[in-house]
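Here is the file run_27.pdb (PDB, C-alpha atoms).
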MODEL        1
ATOM      1  CA  MET A   1     167.213 135.609 114.051  1.00  0.00           C
ATOM      2  CA  ASN A   2     165.375 138.877 114.640  1.00  0.00           C
ATOM      3  CA  LEU A   3     161.796 138.563 115.756  1.00  0.00           C
ATOM      4  CA  ILE A   4     158.988 140.290 117.502  1.00  0.00           C
ATOM      5  CA  LYS A   5     158.432 138.947 120.995  1.00  0.00           C
ATOM      6  CA  SER A   6     155.080 140.613 121.609  1.00  0.00           C
ATOM      7  CA  ASP A   7     152.070 141.207 119.434  1.00  0.00           C
ATOM      8  CA  PRO A   8     149.567 143.818 120.564  1.00  0.00           C
ATOM      9  CA  LYS A   9     146.372 141.844 119.925  1.00  0.00           C
ATOM     10  CA  ASN A  10     144.072 144.720 120.799  1.00  0.00           C
ATOM     11  CA  LEU A  11     145.613 147.390 118.616  1.00  0.00           C
ATOM     12  CA  ILE A  12     142.986 150.130 118.392  1.00  0.00           C
ATOM     13  CA  LEU A  13     143.181 152.285 115.300  1.00  0.00           C
ATOM     14  CA  VAL A  14     141.456 155.363 113.978  1.00  0.00           C
ATOM     15  CA  ASP A  15     141.216 155.334 110.181  1.00  0.00           C
ATOM     16  CA  LEU A  16     142.347 158.752 108.911  1.00  0.00           C
ATOM     17  CA  SER A  17     142.584 157.665 105.272  1.00  0.00           C
ATOM     18  CA  ASP A  18     141.389 160.291 102.838  1.00  0.00           C
ATOM     19  CA  SER A  19     141.322 157.779  99.965  1.00  0.00           C
ATOM     20  CA  GLU A  20     142.137 154.170  99.112  1.00  0.00           C
ATOM     21  CA  ASP A  21     145.377 155.430  97.587  1.00  0.00           C
ATOM     22  CA  ASN A  22     146.449 157.133 100.819  1.00  0.00           C
ATOM     23  CA  PRO A  23     145.878 154.799 103.793  1.00  0.00           C
ATOM     24  CA  LYS A  24     146.615 156.383 107.161  1.00  0.00           C
ATOM     25  CA  PHE A  25     145.846 155.135 110.650  1.00  0.00           C
ATOM     26  CA  GLU A  26     146.308 156.668 114.082  1.00  0.00           C
ATOM     27  CA  ILE A  27     147.225 154.522 117.081  1.00  0.00           C
ATOM     28  CA  TYR A  28     144.533 155.136 119.697  1.00  0.00           C
ATOM     29  CA  CYS A  29     146.520 153.848 122.719  1.00  0.00           C
ATOM     30  CA  GLU A  30     150.207 153.709 123.629  1.00  0.00           C
ATOM     31  CA  THR A  31     151.551 150.424 122.250  1.00  0.00           C
ATOM     32  CA  ARG A  32     154.553 148.456 123.466  1.00  0.00           C
ATOM     33  CA  ILE A  33     156.385 146.083 121.151  1.00  0.00           C
ATOM     34  CA  ASN A  34     159.160 143.836 122.460  1.00  0.00           C
ATOM     35  CA  TYR A  35     161.593 142.495 119.890  1.00  0.00           C
ATOM     36  CA  LEU A  36     165.037 140.953 119.442  1.00  0.00           C
ATOM     37  CA  PHE A  37     167.706 142.507 117.270  1.00  0.00           C
ATOM     38  CA  ARG A  38     171.236 141.143 117.030  1.00  0.00           C
ATOM     39  CA  ASN A  39     170.684 138.971 120.098  1.00  0.00           C
ATOM     40  CA  GLN A  40     169.565 141.869 122.309  1.00  0.00           C
ATOM     41  CA  SER A  41     166.057 142.493 123.632  1.00  0.00           C
ATOM     42  CA  TYR A  42     164.437 145.877 123.101  1.00  0.00           C
ATOM     43  CA  GLU A  43     161.109 147.529 123.767  1.00  0.00           C
ATOM     44  CA  ALA A  44     159.588 150.153 121.500  1.00  0.00           C
ATOM     45  CA  ILE A  45     156.943 152.356 123.102  1.00  0.00           C
ATOM     46  CA  ILE A  46     154.809 153.798 120.340  1.00  0.00           C
ATOM     47  CA  PRO A  47     152.874 156.799 121.622  1.00  0.00           C
ATOM     48  CA  LYS A  48     149.145 157.330 121.397  1.00  0.00           C
ATOM     49  CA  GLY A  49     148.426 159.405 118.303  1.00  0.00           C
ATOM     50  CA  PHE A  50     151.277 157.979 116.213  1.00  0.00           C
ATOM     51  CA  THR A  51     150.231 157.673 112.559  1.00  0.00           C
ATOM     52  CA  THR A  52     151.126 154.853 110.188  1.00  0.00           C
ATOM     53  CA  ASP A  53     150.171 153.500 106.791  1.00  0.00           C
ATOM     54  CA  PHE A  54     151.342 150.047 107.959  1.00  0.00           C
ATOM     55  CA  GLY A  55     152.865 148.549 104.821  1.00  0.00           C
ATOM     56  CA  SER A  56     153.502 150.981 102.011  1.00  0.00           C
ATOM     57  CA  VAL A  57     151.939 148.497  99.625  1.00  0.00           C
ATOM     58  CA  PRO A  58     151.218 149.907  96.169  1.00  0.00           C
ATOM     59  CA  LYS A  59     147.497 149.801  95.330  1.00  0.00           C
ATOM     60  CA  LYS A  60     148.019 147.335  92.451  1.00  0.00           C
ATOM     61  CA  PHE A  61     149.506 144.766  94.899  1.00  0.00           C
ATOM     62  CA  ARG A  62     146.903 145.124  97.689  1.00  0.00           C
ATOM     63  CA  SER A  63     144.850 142.231  96.312  1.00  0.00           C
ATOM     64  CA  ILE A  64     147.921 140.058  97.016  1.00  0.00           C
ATOM     65  CA  ILE A  65     149.394 141.792 100.094  1.00  0.00           C
ATOM     66  CA  SER A  66     147.138 143.632 102.517  1.00  0.00           C
ATOM     67  CA  ASN A  67     148.576 146.681 104.222  1.00  0.00           C
ATOM     68  CA  VAL A  68     146.314 145.943 107.230  1.00  0.00           C
ATOM     69  CA  SER A  69     146.780 142.376 108.406  1.00  0.00           C
ATOM     70  CA  LYS A  70     148.511 140.027 110.811  1.00  0.00           C
ATOM     71  CA  PHE A  71     151.701 141.849 109.821  1.00  0.00           C
ATOM     72  CA  ASN A  72     150.548 145.135 111.436  1.00  0.00           C
ATOM     73  CA  VAL A  73     152.981 144.833 114.325  1.00  0.00           C
ATOM     74  CA  ALA A  74     155.984 144.547 111.966  1.00  0.00           C
ATOM     75  CA  TRP A  75     154.783 147.443 109.779  1.00  0.00           C
ATOM     76  CA  LEU A  76     154.050 149.580 112.853  1.00  0.00           C
ATOM     77  CA  LEU A  77     157.470 148.979 114.417  1.00  0.00           C
ATOM     78  CA  HIS A  78     159.186 149.817 111.115  1.00  0.00           C
ATOM     79  CA  ASP A  79     157.162 153.012 110.593  1.00  0.00           C
ATOM     80  CA  TYR A  80     157.965 154.070 114.152  1.00  0.00           C
ATOM     81  CA  MET A  81     161.689 153.431 113.623  1.00  0.00           C
ATOM     82  CA  TYR A  82     161.586 155.675 110.533  1.00  0.00           C
ATOM     83  CA  SER A  83     159.745 158.467 112.366  1.00  0.00           C
ATOM     84  CA  LYS A  84     161.190 161.584 113.957  1.00  0.00           C
ATOM     85  CA  SER A  85     159.516 160.665 117.252  1.00  0.00           C
ATOM     86  CA  CYS A  86     161.520 157.422 117.528  1.00  0.00           C
ATOM     87  CA  ASN A  87     163.933 157.314 120.462  1.00  0.00           C
ATOM     88  CA  ILE A  88     165.582 154.056 119.328  1.00  0.00           C
ATOM     89  CA  ASN A  89     169.094 154.405 117.945  1.00  0.00           C
ATOM     90  CA  ILE A  90     168.768 152.372 114.738  1.00  0.00           C
ATOM     91  CA  SER A  91     169.736 153.099 111.147  1.00  0.00           C
ATOM     92  CA  LYS A  92     167.159 152.942 108.365  1.00  0.00           C
ATOM     93  CA  SER A  93     169.001 150.005 106.790  1.00  0.00           C
ATOM     94  CA  ASP A  94     168.859 148.082 110.093  1.00  0.00           C
ATOM     95  CA  ALA A  95     165.156 148.957 110.441  1.00  0.00           C
ATOM     96  CA  ASP A  96     164.599 147.544 106.945  1.00  0.00           C
ATOM     97  CA  ILE A  97     166.482 144.342 107.823  1.00  0.00           C
ATOM     98  CA  LEU A  98     164.429 144.012 110.999  1.00  0.00           C
ATOM     99  CA  LEU A  99     161.197 144.523 109.030  1.00  0.00           C
ATOM    100  CA  ARG A 100     162.003 141.835 106.461  1.00  0.00           C
ATOM    101  CA  ARG A 101     163.016 139.340 109.139  1.00  0.00           C
ATOM    102  CA  ASN A 102     159.924 140.074 111.226  1.00  0.00           C
ATOM    103  CA  LEU A 103     157.685 139.667 108.170  1.00  0.00           C
ATOM    104  CA  GLU A 104     159.355 136.313 107.514  1.00  0.00           C
ATOM    105  CA  TYR A 105     158.888 135.309 111.166  1.00  0.00           C
ATOM    106  CA  LEU A 106     155.199 136.253 110.937  1.00  0.00           C
ATOM    107  CA  GLY A 107     154.772 134.087 107.824  1.00  0.00           C
ATOM    108  CA  MET A 108     155.057 136.383 104.804  1.00  0.00           C
ATOM    109  CA  SER A 109     156.570 134.747 101.722  1.00  0.00           C
ATOM    110  CA  TYR A 110     159.950 135.788 100.343  1.00  0.00           C
ATOM    111  CA  ILE A 111     158.482 137.370  97.183  1.00  0.00           C
ATOM    112  CA  ASP A 112     155.847 139.351  99.129  1.00  0.00           C
ATOM    113  CA  ARG A 113     158.504 140.673 101.545  1.00  0.00           C
ATOM    114  CA  TRP A 114     160.455 142.164  98.638  1.00  0.00           C
ATOM    115  CA  ILE A 115     157.444 143.641  96.816  1.00  0.00           C
TER     116      ILE A 115
ENDMDL
END

Please lay out the structure from this file as structure tokens.
Amino acid sequence: MNLIKSDPKNLILVDLSDSEDNPKFEIYCETRINYLFRNQSYEAIIPKGFTTDFGSVPKKFRSIISNVSKFNVAWLLHDYMYSKSCNINISKSDADILLRRNLEYLGMSYIDRWI
């Protein structure tokens, strides 16, 4: 099973959102996330200033699934893996698999993971 081994509890964010339809947050401090993938341990170092929308949750579903929640660490890791600044050698399909499994590990229901 793939899962996050660390959860930055004191994630400090700057809200750069220009509207409710366009959430955007900047990571105020360098953030380290340790995780397992295919039975190997990895560490992602997300630089200060990295921007994320956390979950790309459509506005109509935000009353059901928050894009800022206990799942932040999974969303953040996934956004970082999709970014040009990522130095982790991982395909987008593997990053998506890792996201869904981490969301499951963190307690998100099956239906919400696929929305």

Hey, what comes out of the PyMOL selection byres ((chain A and resi 13-16) around 7) on this file? Could you write it as a list in words? Leu11, Ile12, Ser17, Asp18, Lys24, Phe25, Glu26, Ile27 and Tyr28 of chain A

Distance criterion (all atoms listed in the file): nearest to Leu36 of chain A out of A:Ser19, A:Ser91, A:Thr52, A:Asn102: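 Closest to Leu36 of chain A of all the choices is A:Asn102.
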
Straight-line distance linking atom CA of Ser93 of chain A with atom CA of Arg32 of chain A, stated in Å to one decimal: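 Atom-to-atom, atom CA of Ser93 of chain A and atom CA of Arg32 of chain A are spaced 22.1 Å apart.
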
In Å, rounded to a single decimal, give me how far atom CA of Leu103 of chain A is from atom CA of Met81 of chain A. 15.3 Å

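Between atom CA of Ser41 of chain A and atom CA of Ser109 of chain A the interatomic distance comes to 25.1 Å.
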
Considering all atoms listed in the file, return as a list in words whatever protein or nucleic-acid residues lie within 9 Å of Ser85 of chain A, sequence-local ones (same chain, fewer than 3 positions apart) excluded. Ile46, Pro47, Phe50, Tyr80, Met81 and Tyr82 of chain A

For the selection you just gave me, I'd like the residues written to a file as a PDB file, keeping the file's coordinate frame, keeping C-alpha atoms.
ATOM      1  CA  ILE A  46     154.809 153.798 120.340  1.00  0.00           C
ATOM      2  CA  PRO A  47     152.874 156.799 121.622  1.00  0.00           C
ATOM      3  CA  PHE A  50     151.277 157.979 116.213  1.00  0.00           C
ATOM      4  CA  TYR A  80     157.965 154.070 114.152  1.00  0.00           C
ATOM      5  CA  MET A  81     161.689 153.431 113.623  1.00  0.00           C
ATOM      6  CA  TYR A  82     161.586 155.675 110.533  1.00  0.00           C
TER       7      TYR A  82
END

Arg113 of chain A: which residues within 9 Å, counting all atoms listed in the file, same-chain residues fewer than 2 positions away excluded, as a PyMOL selection string? chain A and resi 99-101+103-104+108-111+115

Nearest to Phe37 of chain A by atom-to-atom distance, counting all atoms listed in the file, from A:Ile88, A:Asp112, A:Asp53, A:Leu106: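 For Phe37 of chain A, the nearest of the given residues is A:Ile88.
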
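Distance check against Pro23 of chain A using all atoms listed in the file: of A:Phe54, A:Asp96, A:Ala74, A:Asp79, the minimum falls on A:Phe54.
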
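You can rank A:Asp94, A:Gly107, A:Asn72, A:Thr31 by their closest distance to Ala44 of chain A using only C-alpha atoms, and at the top of that list sits A:Thr31.
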
Would you please work out which residue, of A:Asn34, A:Thr51, A:Lys84, A:His78, is nearest to Ile97 of chain A when using only C-alpha atoms?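 Looking only at the distances to Ile97 of chain A, the closest residue turns out to be A:His78.
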
Which is closest to Tyr35 of chain A among A:Asn22, A:Ser83, A:Val73, A:Trp114, if we use all atoms listed in the file?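 Once distances to Tyr35 of chain A are computed over all atoms listed in the file, the minimum belongs to A:Val73.
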